[in-house]
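Trainee: Just passing along the structure, written as structure tokens.
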Amino acid sequence: MKVKRKTSDVIIFVILLILAITFLAPIFIVLMNSFKGKFFISDAPFVFPNKQTFVNFENYTSGIEKTNFLSATGWSLFITVFSVGFIVLLTAMTAWYITRVKSKFSNLLYYLFVFSMIVPFQMVMFTMTKVANVLSLDNPVGIIVIYVGFGAGLSVFMFCGFVKSVPIEIEEAAMMDGCNPIRTYFFVVLPILKPISVTVAILNVMWIWNDYLLPYLVIGSDYKTIPIAIQYLKGGYGSIDMGAMMAMLVLAIIPIVVFYLVCQKHIIEGVTSGAVKG
Amino acid sequence: MHKNLKKYFPIFALPTLAAFTIAFIIPFIMGIYLSFTEFRTVNDAKWVGFSNYVAAFQNKDFLNALIFTAGFTVVSVITINIFAFTLASLLTRGKKGTNIFRTIFFMPNLIGGIVLGYIWQLILNGILYKFGVTLTFAPKYGFWGLVILMNWQLIGYMMIIYIAGIQNIPKDLIEASKIDGANKRQILKNVTIPLVMPSITICLFLTLSNSFKLFDQNLALTAGAPSKKTAMLALDIYNTFYGKVGYEGVGQAKAVIFFILVVVIALIQLRATRKKEVEN
């Protein structure tokens with residue numbers, strides 16, 4: 001019996017190992033090709049670079065120059081950090097307010113936020129771009145307002161779910177002791193909301209960092225983020241500089257992998273609880 | 001509850017609500033209205049009744065996109081959930097190294113759609129090159145390419161949710177059914193699956209809505225080629241808006257149809273699977 005179990009374990013382990021290698025292979029193949037000359041990639045992507053095809057970091061330098069990758073990284077960082085920061089700060093306050101103030105209006109707001117979660121982006125794509133344009137929000141600062149508005153649905157919903165489980169007695173005690181709602185919120189409620197804030201922040205980082213269409217339509221190509229820079233590299237003429245493309249894909253993946261390895265525990269917990277709530 | 005909290009509305013709720021109004025409420029209402037008009041720049045909207053909707057349903061690209069999206073969604077939802085569930089049950093046996101596998105399988109989920117599209121374009125074209133074709137040679141290549149891409153991206157994510165579900169099953173229930181003489185298949189069918197039904201609901205919902213609303217991956221992998229045959233609904237709507245002048249109204253009508261489809265599918269799916277959930 002024991003021997004039989006061990007062999008089945010070994011078989012499972014081998015299957016998992018093969019699967020893991022298959023899962024990692026695409027990234028590895030892109031990495032490998034990023035060191036090959038641009039004419040040696042499309043026809044033979046599975047061949048290691050050799051003396052003839054190896055070009056060192058040439059693709060990286062030309063790609064960074066072509067896409068202005070450093071500025072794209074800067075804008076991606078700027079937009080993601082500030083949008084997520086404001087989303088977490090503002091929607092947590094709103095969620096606390098609409099959970100604690102029981103009125104028809106706050107109920108209506110809650111259902112509006114929930115409703116907005118299922119509406120596909122294409123539904124408001126054109127009109128939102130126009131509104132952003134009229135209100136002069138079509139720049140890297142203005143887009144933060146759009147992200148707060150469009151991200152509010154999921155974030156308010158998740159914070160509301162959490163606030164409902166927070167005992168109200170603590171807050172009442174603080175108010176009894178003379179705290180006004182603002183002090184109560186920042187000194188009593190906010191610290192309790194910390195774990196859910198991390199979850200909400202991670203879900204929004206993953207969305208906004210990778211978002212392509214919204215910033216492309218709202219800001220256009222004046223301030224490219226990383227996904228826009230990569231799509232731009234393809235150009236409209238059908239010919240892609242495959243070398244630069246491979247190098248830029250690698251550079252786009254690196255920050256994500258680093259972020260993942262650093263906060264892996266929070267990310268996995270975040271997406272699980274986010275999914276369960278959603 | 002907190003009596004004097006109500007008057008703090010401007011501080012607590014107004015900023016979010018203002019942004020929400022700008023980014024969602026106004027565009028949404030305008031979107032519904034504009035779908036019944038003909039317009040180029042919003043200001044010049046002329047009421048045309050349902051003619052945009054008629055035009056949308058007579059549009060071959062739209063109908064093709066609808067069929068393509070439906071087919072793609074069905075195939076992806078089934079394959080992703082089967083693979084994810086199988087992996088999750090392999091990884092919950094508590095053997096060594098499972099954490100590393102979990103980490104690896106989940107990673108592709110964090111990579112953005114555009115980047116994913118170009119990664120798989122390279123690999124699939126590399127394989128197809130040996131057969132003398134490319135991804136955009138015929139719609140079937142684009143279709144299966146998208147299915148493979150979507151599997152690679154979502155299996156790990158769904159696996160994580162299934163793992164959480166499986167780990168929540170009380171151990172003594174499985175023990176009890178073993179003692180009662182149930183074999184592995186019976187345990188899976190009668191104990192495990194009913195108890196992870198909430199996870200199945202969530203995973204079906206997530207894969208369904210992610211596949212149905214797919215845009216970035218579609219744009220990067222095939223951009224609809226050959227001749228818009230692999231364009232999904234979201235991409236077709238985008239093309240109608242920004243591809244040719246004068247079709248904005250039709251584009252908005254397509255968007256409303258798309259929105260209604262998403263809502264209907266979500267409601268049907270949630271109702272169907274919630275029924276099967278049992279109290280744990």
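The way I read the labels, and the way they are meant: chains A, B, ... in the order of the structure tokens, residue 1 as the first residue of every chain, and ligand 1 as the first ligand shown, with later ones counted on from there.
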With a cut-off of 6 Å, could you pull out the residues of chain A touching chain B and give me the nearest pair of atoms for each, distance in Å to one decimal, using only C-alpha atoms, ordered by chain and ascending number, as a Markdown table?
Mentor:
```
| residue | atom | partner | partner_atom | distance |
| --- | --- | --- | --- | --- |
| A:Pro45 | CA | B:Gly126 | CA | 5.7 |
| A:Leu90 | CA | B:Thr16 | CA | 6.0 |
| A:Met93 | CA | B:Phe12 | CA | 5.2 |
| A:Thr94 | CA | B:Ala13 | CA | 4.5 |
| A:Gln122 | CA | B:Ala255 | CA | 5.8 |
| A:Met123 | CA | B:Ala255 | CA | 4.8 |
| A:Val124 | CA | B:Pro27 | CA | 5.3 |
| A:Thr127 | CA | B:Pro27 | CA | 4.9 |
| A:Met128 | CA | B:Pro27 | CA | 5.0 |
| A:Val145 | CA | B:Ala19 | CA | 5.6 |
| A:Ile146 | CA | B:Ala23 | CA | 5.2 |
| A:Gly149 | CA | B:Phe20 | CA | 3.7 |
| A:Phe150 | CA | B:Ala23 | CA | 5.7 |
| A:Pro181 | CA | B:Leu5 | CA | 6.0 |
| A:Asn210 | CA | B:Gly112 | CA | 4.6 |
| A:Thr272 | CA | B:Ile161 | CA | 5.7 |
```
Trainee: Output N, CA and C atoms for every residue in that selection, as a tab-separated table (two decimals), in the first residue's frame.
Mentor:
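In the end it all went to selection-v6.tsv:
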```tsv
chain	number	residue	atom	x	y	z
A	45	PRO	N	11.45	30.99	-33.27
A	45	PRO	CA	11.42	31.50	-31.89
A	45	PRO	C	11.90	30.50	-30.84
A	90	LEU	N	-10.65	57.35	-0.62
A	90	LEU	CA	-12.01	57.91	-0.76
A	90	LEU	C	-13.11	56.86	-0.67
A	93	MET	N	-13.90	55.71	2.90
A	93	MET	CA	-14.72	56.68	3.63
A	93	MET	C	-16.17	56.59	3.19
A	94	THR	N	-16.37	56.51	1.86
A	94	THR	CA	-17.73	56.44	1.34
A	94	THR	C	-18.43	55.18	1.83
A	122	GLN	N	-17.20	49.05	-22.61
A	122	GLN	CA	-17.61	49.53	-23.93
A	122	GLN	C	-18.90	50.36	-23.87
A	123	MET	N	-19.72	50.07	-22.87
A	123	MET	CA	-20.99	50.78	-22.73
A	123	MET	C	-20.77	52.28	-22.51
A	124	VAL	N	-19.76	52.62	-21.74
A	124	VAL	CA	-19.54	54.04	-21.43
A	124	VAL	C	-18.26	54.59	-22.07
A	127	THR	N	-18.80	57.86	-24.44
A	127	THR	CA	-19.33	59.02	-23.73
A	127	THR	C	-18.40	59.46	-22.60
A	128	MET	N	-17.77	58.49	-21.92
A	128	MET	CA	-16.84	58.86	-20.85
A	128	MET	C	-15.67	59.66	-21.41
A	145	VAL	N	-9.17	61.09	-11.59
A	145	VAL	CA	-10.60	61.27	-11.26
A	145	VAL	C	-11.43	60.18	-11.93
A	146	ILE	N	-11.11	59.92	-13.21
A	146	ILE	CA	-11.85	58.89	-13.95
A	146	ILE	C	-11.66	57.53	-13.28
A	149	GLY	N	-13.67	57.25	-10.15
A	149	GLY	CA	-15.09	57.06	-10.46
A	149	GLY	C	-15.38	55.67	-11.00
A	150	PHE	N	-14.52	55.20	-11.89
A	150	PHE	CA	-14.80	53.91	-12.51
A	150	PHE	C	-14.42	52.74	-11.59
A	181	PRO	N	-17.14	62.62	13.87
A	181	PRO	CA	-17.04	61.51	12.92
A	181	PRO	C	-15.68	61.44	12.20
A	210	ASN	N	-2.22	47.45	-15.74
A	210	ASN	CA	-2.33	46.74	-17.02
A	210	ASN	C	-3.35	47.35	-17.97
A	272	THR	N	-8.31	36.05	-3.77
A	272	THR	CA	-9.27	35.06	-3.29
A	272	THR	C	-10.42	35.74	-2.57
```
Trainee: Neighbouring residues of A:Phe187 were defined as those with any atom within 10 Å, considering only C-alpha atoms; residues of the same chain fewer than 6 positions away were excluded. Please report them as a PyMOL selection string.
Mentor: chain A and resi 171+174+179+181
Trainee: Based on the backbone DSSP call, show me all residues of stretch 35-270 of chain B assigned strand (DSSP E), as a list in words.
Mentor: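 Reading the DSSP output for stretch 35-270 of chain B, strand (DSSP E) covers Thr37, Glu38, Lys46 and Trp47 of chain B.
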Trainee: Output N, CA and C atoms of each residue in that selection to a file, as a PDB file, in the first residue's frame.
Mentor:
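Result went into part.pdb, see below:
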```pdb
ATOM      1  N   THR B  37     -29.845  57.835 -31.226  1.00  0.00           N
ATOM      2  CA  THR B  37     -29.617  59.021 -32.044  1.00  0.00           C
ATOM      3  C   THR B  37     -28.514  58.779 -33.069  1.00  0.00           C
ATOM      4  N   GLU B  38     -28.427  59.738 -33.990  1.00  0.00           N
ATOM      5  CA  GLU B  38     -27.306  59.707 -34.911  1.00  0.00           C
ATOM      6  C   GLU B  38     -26.398  60.865 -34.521  1.00  0.00           C
ATOM      7  N   LYS B  46     -29.147  63.522 -33.288  1.00  0.00           N
ATOM      8  CA  LYS B  46     -30.512  63.599 -33.830  1.00  0.00           C
ATOM      9  C   LYS B  46     -31.242  62.302 -33.517  1.00  0.00           C
ATOM     10  N   TRP B  47     -32.461  62.418 -32.977  1.00  0.00           N
ATOM     11  CA  TRP B  47     -33.232  61.232 -32.578  1.00  0.00           C
ATOM     12  C   TRP B  47     -33.576  60.381 -33.806  1.00  0.00           C
TER      13      TRP B  47
END
```
Trainee: List every residue of stretch 137-253 of chain A that has an atom at most 9 Å from any atom of stretch 115-118 of chain A, and for each one report the closest atom pair and its distance in Å to one decimal, counting only C-alpha atoms, with rows sorted by chain and then by increasing residue number, as CSV.
Mentor:
```
residue,atom,partner,partner_atom,distance
A:Phe150,CA,A:Ser116,CA,8.0
A:Gly151,CA,A:Met117,CA,8.5
A:Ala152,CA,A:Ser116,CA,8.6
A:Gly153,CA,A:Met117,CA,5.4
A:Leu154,CA,A:Met117,CA,6.0
```
Trainee: Please identify which residues in stretch 42-137 of chain A DSSP calls helix (DSSP H, G or I) from the backbone, and express them as a PyMOL selection string.
Mentor: chain A and resi 58-67+69-100+104-118+121-134
Trainee: What lies within 6 Å of stretch 28-38 of chain A using only C-alpha atoms, ignoring chain neighbours under 5 positions off, as a VMD selection string?
Mentor: chain A and resid 49 53 to 56 242 to 243 246 to 247
Trainee: Using only C-alpha atoms, please write the residues we just selected to a file, as an mmCIF file, in the first residue's frame.
Mentor:
```cif
data_model
loop_
_atom_site.group_PDB
_atom_site.id
_atom_site.type_symbol
_atom_site.label_atom_id
_atom_site.label_comp_id
_atom_site.auth_asym_id
_atom_site.auth_seq_id
_atom_site.Cartn_x
_atom_site.Cartn_y
_atom_site.Cartn_z
ATOM 1 C CA PRO A 49 20.529 32.629 -29.709
ATOM 2 C CA THR A 53 21.926 35.764 -33.972
ATOM 3 C CA PHE A 54 23.019 37.049 -30.559
ATOM 4 C CA VAL A 55 22.837 40.833 -30.362
ATOM 5 C CA ASN A 56 23.426 41.463 -26.663
ATOM 6 C CA MET A 242 10.287 41.933 -33.280
ATOM 7 C CA GLY A 243 13.550 42.464 -31.431
ATOM 8 C CA MET A 246 10.585 41.097 -27.254
ATOM 9 C CA ALA A 247 12.782 43.375 -25.180
#
```
Trainee: Take atom CA of B:Pro226 and atom CA of B:Ala138 and report the distance between them in Å, one decimal.
Mentor: 6.4 Å
Trainee: Within 8 Å of stretch 223-225 of chain B, counting only C-alpha atoms, which residues qualify if same-chain residues fewer than 6 places away don't, as a PDB file with N, CA and C atoms, in the first residue's frame?
Mentor:
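The result, written out as selection.pdb:
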```
ATOM      1  N   THR B 136      -3.192  34.526 -38.317  1.00  0.00           N
ATOM      2  CA  THR B 136      -4.249  35.273 -38.987  1.00  0.00           C
ATOM      3  C   THR B 136      -4.582  34.663 -40.342  1.00  0.00           C
ATOM      4  N   PRO B 139      -9.687  32.000 -39.386  1.00  0.00           N
ATOM      5  CA  PRO B 139     -10.260  32.331 -38.072  1.00  0.00           C
ATOM      6  C   PRO B 139     -10.034  31.258 -37.011  1.00  0.00           C
ATOM      7  N   ALA B 231     -12.721  39.044 -34.563  1.00  0.00           N
ATOM      8  CA  ALA B 231     -13.019  40.155 -33.654  1.00  0.00           C
ATOM      9  C   ALA B 231     -14.143  39.744 -32.710  1.00  0.00           C
ATOM     10  N   MET B 232     -13.907  39.930 -31.409  1.00  0.00           N
ATOM     11  CA  MET B 232     -14.968  39.636 -30.451  1.00  0.00           C
ATOM     12  C   MET B 232     -15.839  40.870 -30.276  1.00  0.00           C
ATOM     13  N   LEU B 235     -14.228  44.228 -29.265  1.00  0.00           N
ATOM     14  CA  LEU B 235     -13.387  44.779 -30.331  1.00  0.00           C
ATOM     15  C   LEU B 235     -14.254  45.296 -31.478  1.00  0.00           C
TER      16      LEU B 235
END
```
